[in-house]
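Below is one structure; the comments refer to it alone.
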Amino acid sequence: MDAFYQEQQPRMGAINQHSSSNEHSDIRRVRLPNAGTSRSSFESVSARSLLKKSERYVALATIPKVTYALSEDTMAAKTLNDLFIHALSDIYSAEKQLTKALPKLARASTNPELRQAFETHLEETHGQIERIDQVVESCGIKLQRLKCVAMEGLVEEGQEQIGEIERGPVLDAAIIGAAQKAEHYEIAAYGTLAALGKQLGQEQAVKLLLETLEEEKATDNKLTILAEQKISPEAASKS
Ligand code: FE
Ligand code: FE
Ligand code: FE
């Protein structure tokens, strides 16, 4: 509950706007325990909608003061350095999620080369998390506690396909597609981070970020080659 604040006055412009709305004068921003600390896990709710979402929200009408969550960690970025920290925290969360998702992709893969590719990338991912720690150290910054909701969604989509498609070359092709979406997200994230790091004059951090960027690109290429040369032809022969 440490991310919860009780205040008489809202502290953010966005909350002010919501609170002053006539139609929804009872709107509050609330985060329930275990809902994560990312800004995107905050939601605006009205008393009307509380009834429908009773499982997710507490009835705020019973709480005398304005209650909302505003973690210092998720304050809006004001500088490029803030943006760098936010982006680094986001990809840290994404990488952590991938350490749990990659073994599942490996287990669901039928093609042994594909399985091996995921196992190899899992090892690399552990190294990438260590690199983020080194970036944090070299820049003298602190990561924010937040969840990359984009990666959460990408992982969920992959999981859905694993649950729906029969094991075999077609599922392998689907898994490659899902994994490549995740890799492309990482490529964009590390590209942005390297550019921000360069602007901030963080040479050591840029070097580390570019190393990871190359690993992500190499994995993406490896998956493309596997899909084109091995898995798609096999999947096509099944139709
Ligand atoms: Fe990664
Ligand atoms: Fe993200
Ligand atoms: Fe990756």
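How things are named: the first chain in the structure tokens is A, the next is B, and so on; residues count from 1 in each chain; ligands count from 1 in the order shown.
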Set the distance at 7 Å and use only C-alpha atoms: which residues neighbour range 200-212 of chain A once local chain neighbours fewer than 6 positions away are removed? I'd like the list as a list in words.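 So the residues in contact are Gln128, Arg131, Val135, Ser138, Cys139, Tyr190 and Ala194 of chain A.
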Emit the selected residues as a compact mmCIF listing (two decimals), in the first residue's frame, including C-alpha atoms.
# COMPACT_ATOMS: atom_id res chain seq x y z
CA GLN A 128 20.59 -8.19 -21.13
CA ARG A 131 23.49 -5.02 -18.87
CA VAL A 135 23.60 0.99 -17.38
CA SER A 138 27.16 3.80 -15.03
CA CYS A 139 24.48 6.53 -15.23
CA TYR A 190 16.71 -0.20 -27.29
CA ALA A 194 20.56 4.34 -27.29
Considering only C-alpha atoms and all ligand atoms, give me a table of residues in chain A that are at most 10 Å from ligand 1, with the closest atom pair and distance in Å for each, as a Markdown table.
| residue | atom | partner | partner_atom_place_in_ligand_line | distance |
| --- | --- | --- | --- | --- |
| A:Ile91 | CA | ligand 1 | 1 (Fe) | 8.0 |
| A:Tyr92 | CA | ligand 1 | 1 (Fe) | 8.7 |
| A:Ala94 | CA | ligand 1 | 1 (Fe) | 7.6 |
| A:Glu95 | CA | ligand 1 | 1 (Fe) | 5.2 |
| A:Lys96 | CA | ligand 1 | 1 (Fe) | 8.8 |
| A:Gln97 | CA | ligand 1 | 1 (Fe) | 9.7 |
| A:Leu98 | CA | ligand 1 | 1 (Fe) | 7.3 |
| A:Thr99 | CA | ligand 1 | 1 (Fe) | 8.8 |
| A:His121 | CA | ligand 1 | 1 (Fe) | 7.9 |
| A:Leu122 | CA | ligand 1 | 1 (Fe) | 8.4 |
| A:Glu123 | CA | ligand 1 | 1 (Fe) | 9.9 |
| A:Glu124 | CA | ligand 1 | 1 (Fe) | 7.3 |
| A:Thr125 | CA | ligand 1 | 1 (Fe) | 4.9 |
| A:His126 | CA | ligand 1 | 1 (Fe) | 8.3 |
| A:Gly127 | CA | ligand 1 | 1 (Fe) | 8.8 |
| A:Gln128 | CA | ligand 1 | 1 (Fe) | 6.1 |
| A:Ile129 | CA | ligand 1 | 1 (Fe) | 7.8 |
| A:Ala182 | CA | ligand 1 | 1 (Fe) | 8.6 |
| A:Glu183 | CA | ligand 1 | 1 (Fe) | 7.1 |
| A:His184 | CA | ligand 1 | 1 (Fe) | 10.0 |
| A:Tyr185 | CA | ligand 1 | 1 (Fe) | 9.4 |
| A:Glu186 | CA | ligand 1 | 1 (Fe) | 6.1 |
| A:Ile187 | CA | ligand 1 | 1 (Fe) | 8.4 |
| A:Ala189 | CA | ligand 1 | 1 (Fe) | 9.8 |
| A:Tyr190 | CA | ligand 1 | 1 (Fe) | 8.9 |
| A:Thr212 | CA | ligand 1 | 1 (Fe) | 7.0 |
| A:Leu213 | CA | ligand 1 | 1 (Fe) | 8.1 |
| A:Glu215 | CA | ligand 1 | 1 (Fe) | 7.8 |
| A:Glu216 | CA | ligand 1 | 1 (Fe) | 6.1 |
| A:Lys217 | CA | ligand 1 | 1 (Fe) | 9.8 |
| A:Thr219 | CA | ligand 1 | 1 (Fe) | 9.4 |
Okay, now the selection with N, CA and C atoms, as a PDB file, in the first residue's frame?
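Result went into out21.pdb, see below:
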ATOM      1  N   ILE A  91      11.787  -1.274 -20.284  1.00  0.00           N
ATOM      2  CA  ILE A  91      12.404  -2.425 -20.969  1.00  0.00           C
ATOM      3  C   ILE A  91      12.921  -3.436 -19.933  1.00  0.00           C
ATOM      4  N   TYR A  92      13.270  -2.952 -18.770  1.00  0.00           N
ATOM      5  CA  TYR A  92      13.676  -3.872 -17.692  1.00  0.00           C
ATOM      6  C   TYR A  92      12.495  -4.790 -17.362  1.00  0.00           C
ATOM      7  N   ALA A  94      10.022  -5.456 -19.349  1.00  0.00           N
ATOM      8  CA  ALA A  94       9.781  -6.299 -20.526  1.00  0.00           C
ATOM      9  C   ALA A  94      10.723  -7.506 -20.521  1.00  0.00           C
ATOM     10  N   GLU A  95      11.994  -7.255 -20.235  1.00  0.00           N
ATOM     11  CA  GLU A  95      12.979  -8.353 -20.226  1.00  0.00           C
ATOM     12  C   GLU A  95      12.638  -9.373 -19.135  1.00  0.00           C
ATOM     13  N   LYS A  96      12.250  -8.859 -17.975  1.00  0.00           N
ATOM     14  CA  LYS A  96      11.879  -9.766 -16.873  1.00  0.00           C
ATOM     15  C   LYS A  96      10.712 -10.659 -17.291  1.00  0.00           C
ATOM     16  N   GLN A  97       9.739 -10.057 -17.960  1.00  0.00           N
ATOM     17  CA  GLN A  97       8.585 -10.844 -18.421  1.00  0.00           C
ATOM     18  C   GLN A  97       9.028 -11.900 -19.426  1.00  0.00           C
ATOM     19  N   LEU A  98      10.007 -11.539 -20.266  1.00  0.00           N
ATOM     20  CA  LEU A  98      10.476 -12.485 -21.284  1.00  0.00           C
ATOM     21  C   LEU A  98      11.227 -13.663 -20.673  1.00  0.00           C
ATOM     22  N   THR A  99      11.865 -13.450 -19.525  1.00  0.00           N
ATOM     23  CA  THR A  99      12.552 -14.594 -18.900  1.00  0.00           C
ATOM     24  C   THR A  99      11.540 -15.662 -18.480  1.00  0.00           C
ATOM     25  N   HIS A 121      18.188 -17.568 -26.594  1.00  0.00           N
ATOM     26  CA  HIS A 121      17.785 -16.172 -26.352  1.00  0.00           C
ATOM     27  C   HIS A 121      17.423 -15.941 -24.883  1.00  0.00           C
ATOM     28  N   LEU A 122      16.992 -17.002 -24.212  1.00  0.00           N
ATOM     29  CA  LEU A 122      16.736 -16.863 -22.766  1.00  0.00           C
ATOM     30  C   LEU A 122      18.043 -16.527 -22.040  1.00  0.00           C
ATOM     31  N   GLU A 123      19.107 -17.240 -22.407  1.00  0.00           N
ATOM     32  CA  GLU A 123      20.425 -16.955 -21.816  1.00  0.00           C
ATOM     33  C   GLU A 123      20.823 -15.510 -22.093  1.00  0.00           C
ATOM     34  N   GLU A 124      20.639 -15.104 -23.352  1.00  0.00           N
ATOM     35  CA  GLU A 124      20.977 -13.718 -23.732  1.00  0.00           C
ATOM     36  C   GLU A 124      20.150 -12.719 -22.929  1.00  0.00           C
ATOM     37  N   THR A 125      18.884 -13.070 -22.712  1.00  0.00           N
ATOM     38  CA  THR A 125      17.991 -12.153 -21.985  1.00  0.00           C
ATOM     39  C   THR A 125      18.482 -11.938 -20.558  1.00  0.00           C
ATOM     40  N   HIS A 126      18.955 -13.000 -19.936  1.00  0.00           N
ATOM     41  CA  HIS A 126      19.537 -12.837 -18.581  1.00  0.00           C
ATOM     42  C   HIS A 126      20.722 -11.867 -18.640  1.00  0.00           C
ATOM     43  N   GLY A 127      21.530 -12.014 -19.683  1.00  0.00           N
ATOM     44  CA  GLY A 127      22.679 -11.112 -19.857  1.00  0.00           C
ATOM     45  C   GLY A 127      22.221  -9.672 -20.115  1.00  0.00           C
ATOM     46  N   GLN A 128      21.114  -9.537 -20.826  1.00  0.00           N
ATOM     47  CA  GLN A 128      20.595  -8.191 -21.126  1.00  0.00           C
ATOM     48  C   GLN A 128      20.104  -7.506 -19.856  1.00  0.00           C
ATOM     49  N   ILE A 129      19.530  -8.284 -18.957  1.00  0.00           N
ATOM     50  CA  ILE A 129      19.085  -7.714 -17.669  1.00  0.00           C
ATOM     51  C   ILE A 129      20.313  -7.247 -16.878  1.00  0.00           C
ATOM     52  N   ALA A 182       7.536  -9.423 -30.187  1.00  0.00           N
ATOM     53  CA  ALA A 182       8.233  -9.027 -28.955  1.00  0.00           C
ATOM     54  C   ALA A 182       9.634  -8.491 -29.277  1.00  0.00           C
ATOM     55  N   GLU A 183      10.333  -9.157 -30.178  1.00  0.00           N
ATOM     56  CA  GLU A 183      11.689  -8.703 -30.547  1.00  0.00           C
ATOM     57  C   GLU A 183      11.643  -7.318 -31.184  1.00  0.00           C
ATOM     58  N   HIS A 184      10.655  -7.090 -32.018  1.00  0.00           N
ATOM     59  CA  HIS A 184      10.553  -5.768 -32.670  1.00  0.00           C
ATOM     60  C   HIS A 184      10.278  -4.684 -31.636  1.00  0.00           C
ATOM     61  N   TYR A 185       9.481  -5.005 -30.641  1.00  0.00           N
ATOM     62  CA  TYR A 185       9.237  -4.037 -29.556  1.00  0.00           C
ATOM     63  C   TYR A 185      10.559  -3.707 -28.865  1.00  0.00           C
ATOM     64  N   GLU A 186      11.329  -4.757 -28.588  1.00  0.00           N
ATOM     65  CA  GLU A 186      12.621  -4.542 -27.917  1.00  0.00           C
ATOM     66  C   GLU A 186      13.580  -3.739 -28.797  1.00  0.00           C
ATOM     67  N   ILE A 187      13.573  -4.057 -30.090  1.00  0.00           N
ATOM     68  CA  ILE A 187      14.467  -3.335 -31.016  1.00  0.00           C
ATOM     69  C   ILE A 187      14.119  -1.841 -30.993  1.00  0.00           C
ATOM     70  N   ALA A 189      12.619  -0.255 -28.565  1.00  0.00           N
ATOM     71  CA  ALA A 189      12.919   0.289 -27.227  1.00  0.00           C
ATOM     72  C   ALA A 189      14.409   0.556 -27.060  1.00  0.00           C
ATOM     73  N   TYR A 190      15.253  -0.398 -27.454  1.00  0.00           N
ATOM     74  CA  TYR A 190      16.707  -0.204 -27.286  1.00  0.00           C
ATOM     75  C   TYR A 190      17.247   0.849 -28.250  1.00  0.00           C
ATOM     76  N   THR A 212      23.009  -4.933 -26.688  1.00  0.00           N
ATOM     77  CA  THR A 212      21.725  -5.634 -26.563  1.00  0.00           C
ATOM     78  C   THR A 212      20.906  -5.487 -27.839  1.00  0.00           C
ATOM     79  N   LEU A 213      20.899  -4.274 -28.393  1.00  0.00           N
ATOM     80  CA  LEU A 213      20.146  -4.043 -29.639  1.00  0.00           C
ATOM     81  C   LEU A 213      20.583  -5.030 -30.719  1.00  0.00           C
ATOM     82  N   GLU A 215      21.874  -7.997 -30.289  1.00  0.00           N
ATOM     83  CA  GLU A 215      21.379  -9.344 -29.943  1.00  0.00           C
ATOM     84  C   GLU A 215      19.916  -9.504 -30.330  1.00  0.00           C
ATOM     85  N   GLU A 216      19.142  -8.450 -30.088  1.00  0.00           N
ATOM     86  CA  GLU A 216      17.714  -8.524 -30.426  1.00  0.00           C
ATOM     87  C   GLU A 216      17.529  -8.636 -31.948  1.00  0.00           C
ATOM     88  N   LYS A 217      18.325  -7.862 -32.677  1.00  0.00           N
ATOM     89  CA  LYS A 217      18.223  -7.911 -34.146  1.00  0.00           C
ATOM     90  C   LYS A 217      18.647  -9.284 -34.663  1.00  0.00           C
ATOM     91  N   THR A 219      18.492 -12.122 -33.104  1.00  0.00           N
ATOM     92  CA  THR A 219      17.437 -13.098 -32.779  1.00  0.00           C
ATOM     93  C   THR A 219      16.296 -12.987 -33.782  1.00  0.00           C
TER      94      THR A 219
END
To one decimal in Å, tell me the separation between CA of Asp82 in chain A and CA of Leu154 in chain A. 25.4 Å
From a DSSP calculation on the backbone, collect every residue of range 138-210 of chain A in alpha helix (DSSP H) and output the set as a VMD selection string. chain A and resid 138 to 139 149 to 164 169 to 199 203 to 210
Show me, as a tab-separated table, the residues of chain A having an atom within 6 Å of ligand 2, each with the closest atom pair and its distance in Å, using only C-alpha atoms and all ligand atoms.
residue	atom	partner	partner_atom_place_in_ligand_line	distance
A:Asp90	CA	ligand 2	1 (Fe)	5.0
A:Cys148	CA	ligand 2	1 (Fe)	3.8
A:Val149	CA	ligand 2	1 (Fe)	5.6
A:Ala150	CA	ligand 2	1 (Fe)	4.8
May I have the selected residues written with N, CA and C atoms, as an mmCIF file, in the first residue's frame?
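This went into again15.cif:
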data_model
loop_
_atom_site.group_PDB
_atom_site.id
_atom_site.type_symbol
_atom_site.label_atom_id
_atom_site.label_comp_id
_atom_site.auth_asym_id
_atom_site.auth_seq_id
_atom_site.Cartn_x
_atom_site.Cartn_y
_atom_site.Cartn_z
ATOM 1 N N ASP A 90 10.994 0.513 -18.257
ATOM 2 C CA ASP A 90 9.998 -0.202 -19.038
ATOM 3 C C ASP A 90 10.614 -1.445 -19.690
ATOM 4 N N CYS A 148 5.780 -3.113 -17.999
ATOM 5 C CA CYS A 148 5.614 -2.853 -19.432
ATOM 6 C C CYS A 148 4.333 -3.566 -19.875
ATOM 7 N N VAL A 149 3.280 -2.798 -20.031
ATOM 8 C CA VAL A 149 1.991 -3.403 -20.384
ATOM 9 C C VAL A 149 1.960 -3.857 -21.845
ATOM 10 N N ALA A 150 2.809 -3.245 -22.667
ATOM 11 C CA ALA A 150 2.875 -3.679 -24.066
ATOM 12 C C ALA A 150 3.409 -5.110 -24.131
#
Atom pair CA of Ser89 in chain A / CA of Lys147 in chain A: separation (Å): 8.2 Å
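Nearest residue to Lys230 in chain A among A:Asn111, A:Thr79, A:Gln180, A:Gln144 is A:Asn111, counting only C-alpha atoms.
The coordinates place CA of Phe84 in chain A at 6.2 Å from CA of Leu196 in chain A.
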In terms of the shortest atom-to-atom distance over only C-alpha atoms and all ligand atoms, which of A:His86, A:Lys222, A:Lys78, A:Lys198 is closest to ligand 3?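 Smallest distance to ligand 3 is found for A:Lys222.
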Any chance you could list, as a compact mmCIF listing (two decimals) with N, CA and C atoms, in the first residue's frame, the residues in range 55-202 of chain A that come up strand (DSSP E or B) when DSSP is run on the backbone?
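To be explicit, this is the file written out as out-v8.txt:
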# COMPACT_ATOMS: atom_id res chain seq x y z
N VAL A 66 -10.50 12.11 -0.79
CA VAL A 66 -10.13 11.72 -2.15
C VAL A 66 -8.96 10.77 -2.04
N THR A 67 -9.13 9.58 -2.59
CA THR A 67 -8.07 8.59 -2.49
C THR A 67 -7.60 8.22 -3.89
N TYR A 68 -6.36 8.31 -4.13
CA TYR A 68 -5.84 7.90 -5.43
C TYR A 68 -4.38 7.52 -5.27
N ALA A 69 -3.92 6.80 -6.23
CA ALA A 69 -2.54 6.36 -6.17
C ALA A 69 -1.69 7.25 -7.05
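With only C-alpha atoms and all ligand atoms as the atoms that count, the minimum distance from ligand 3 to the choices A:Thr192, A:Thr120, A:Ser237, A:Gln229 is reached by A:Thr120.
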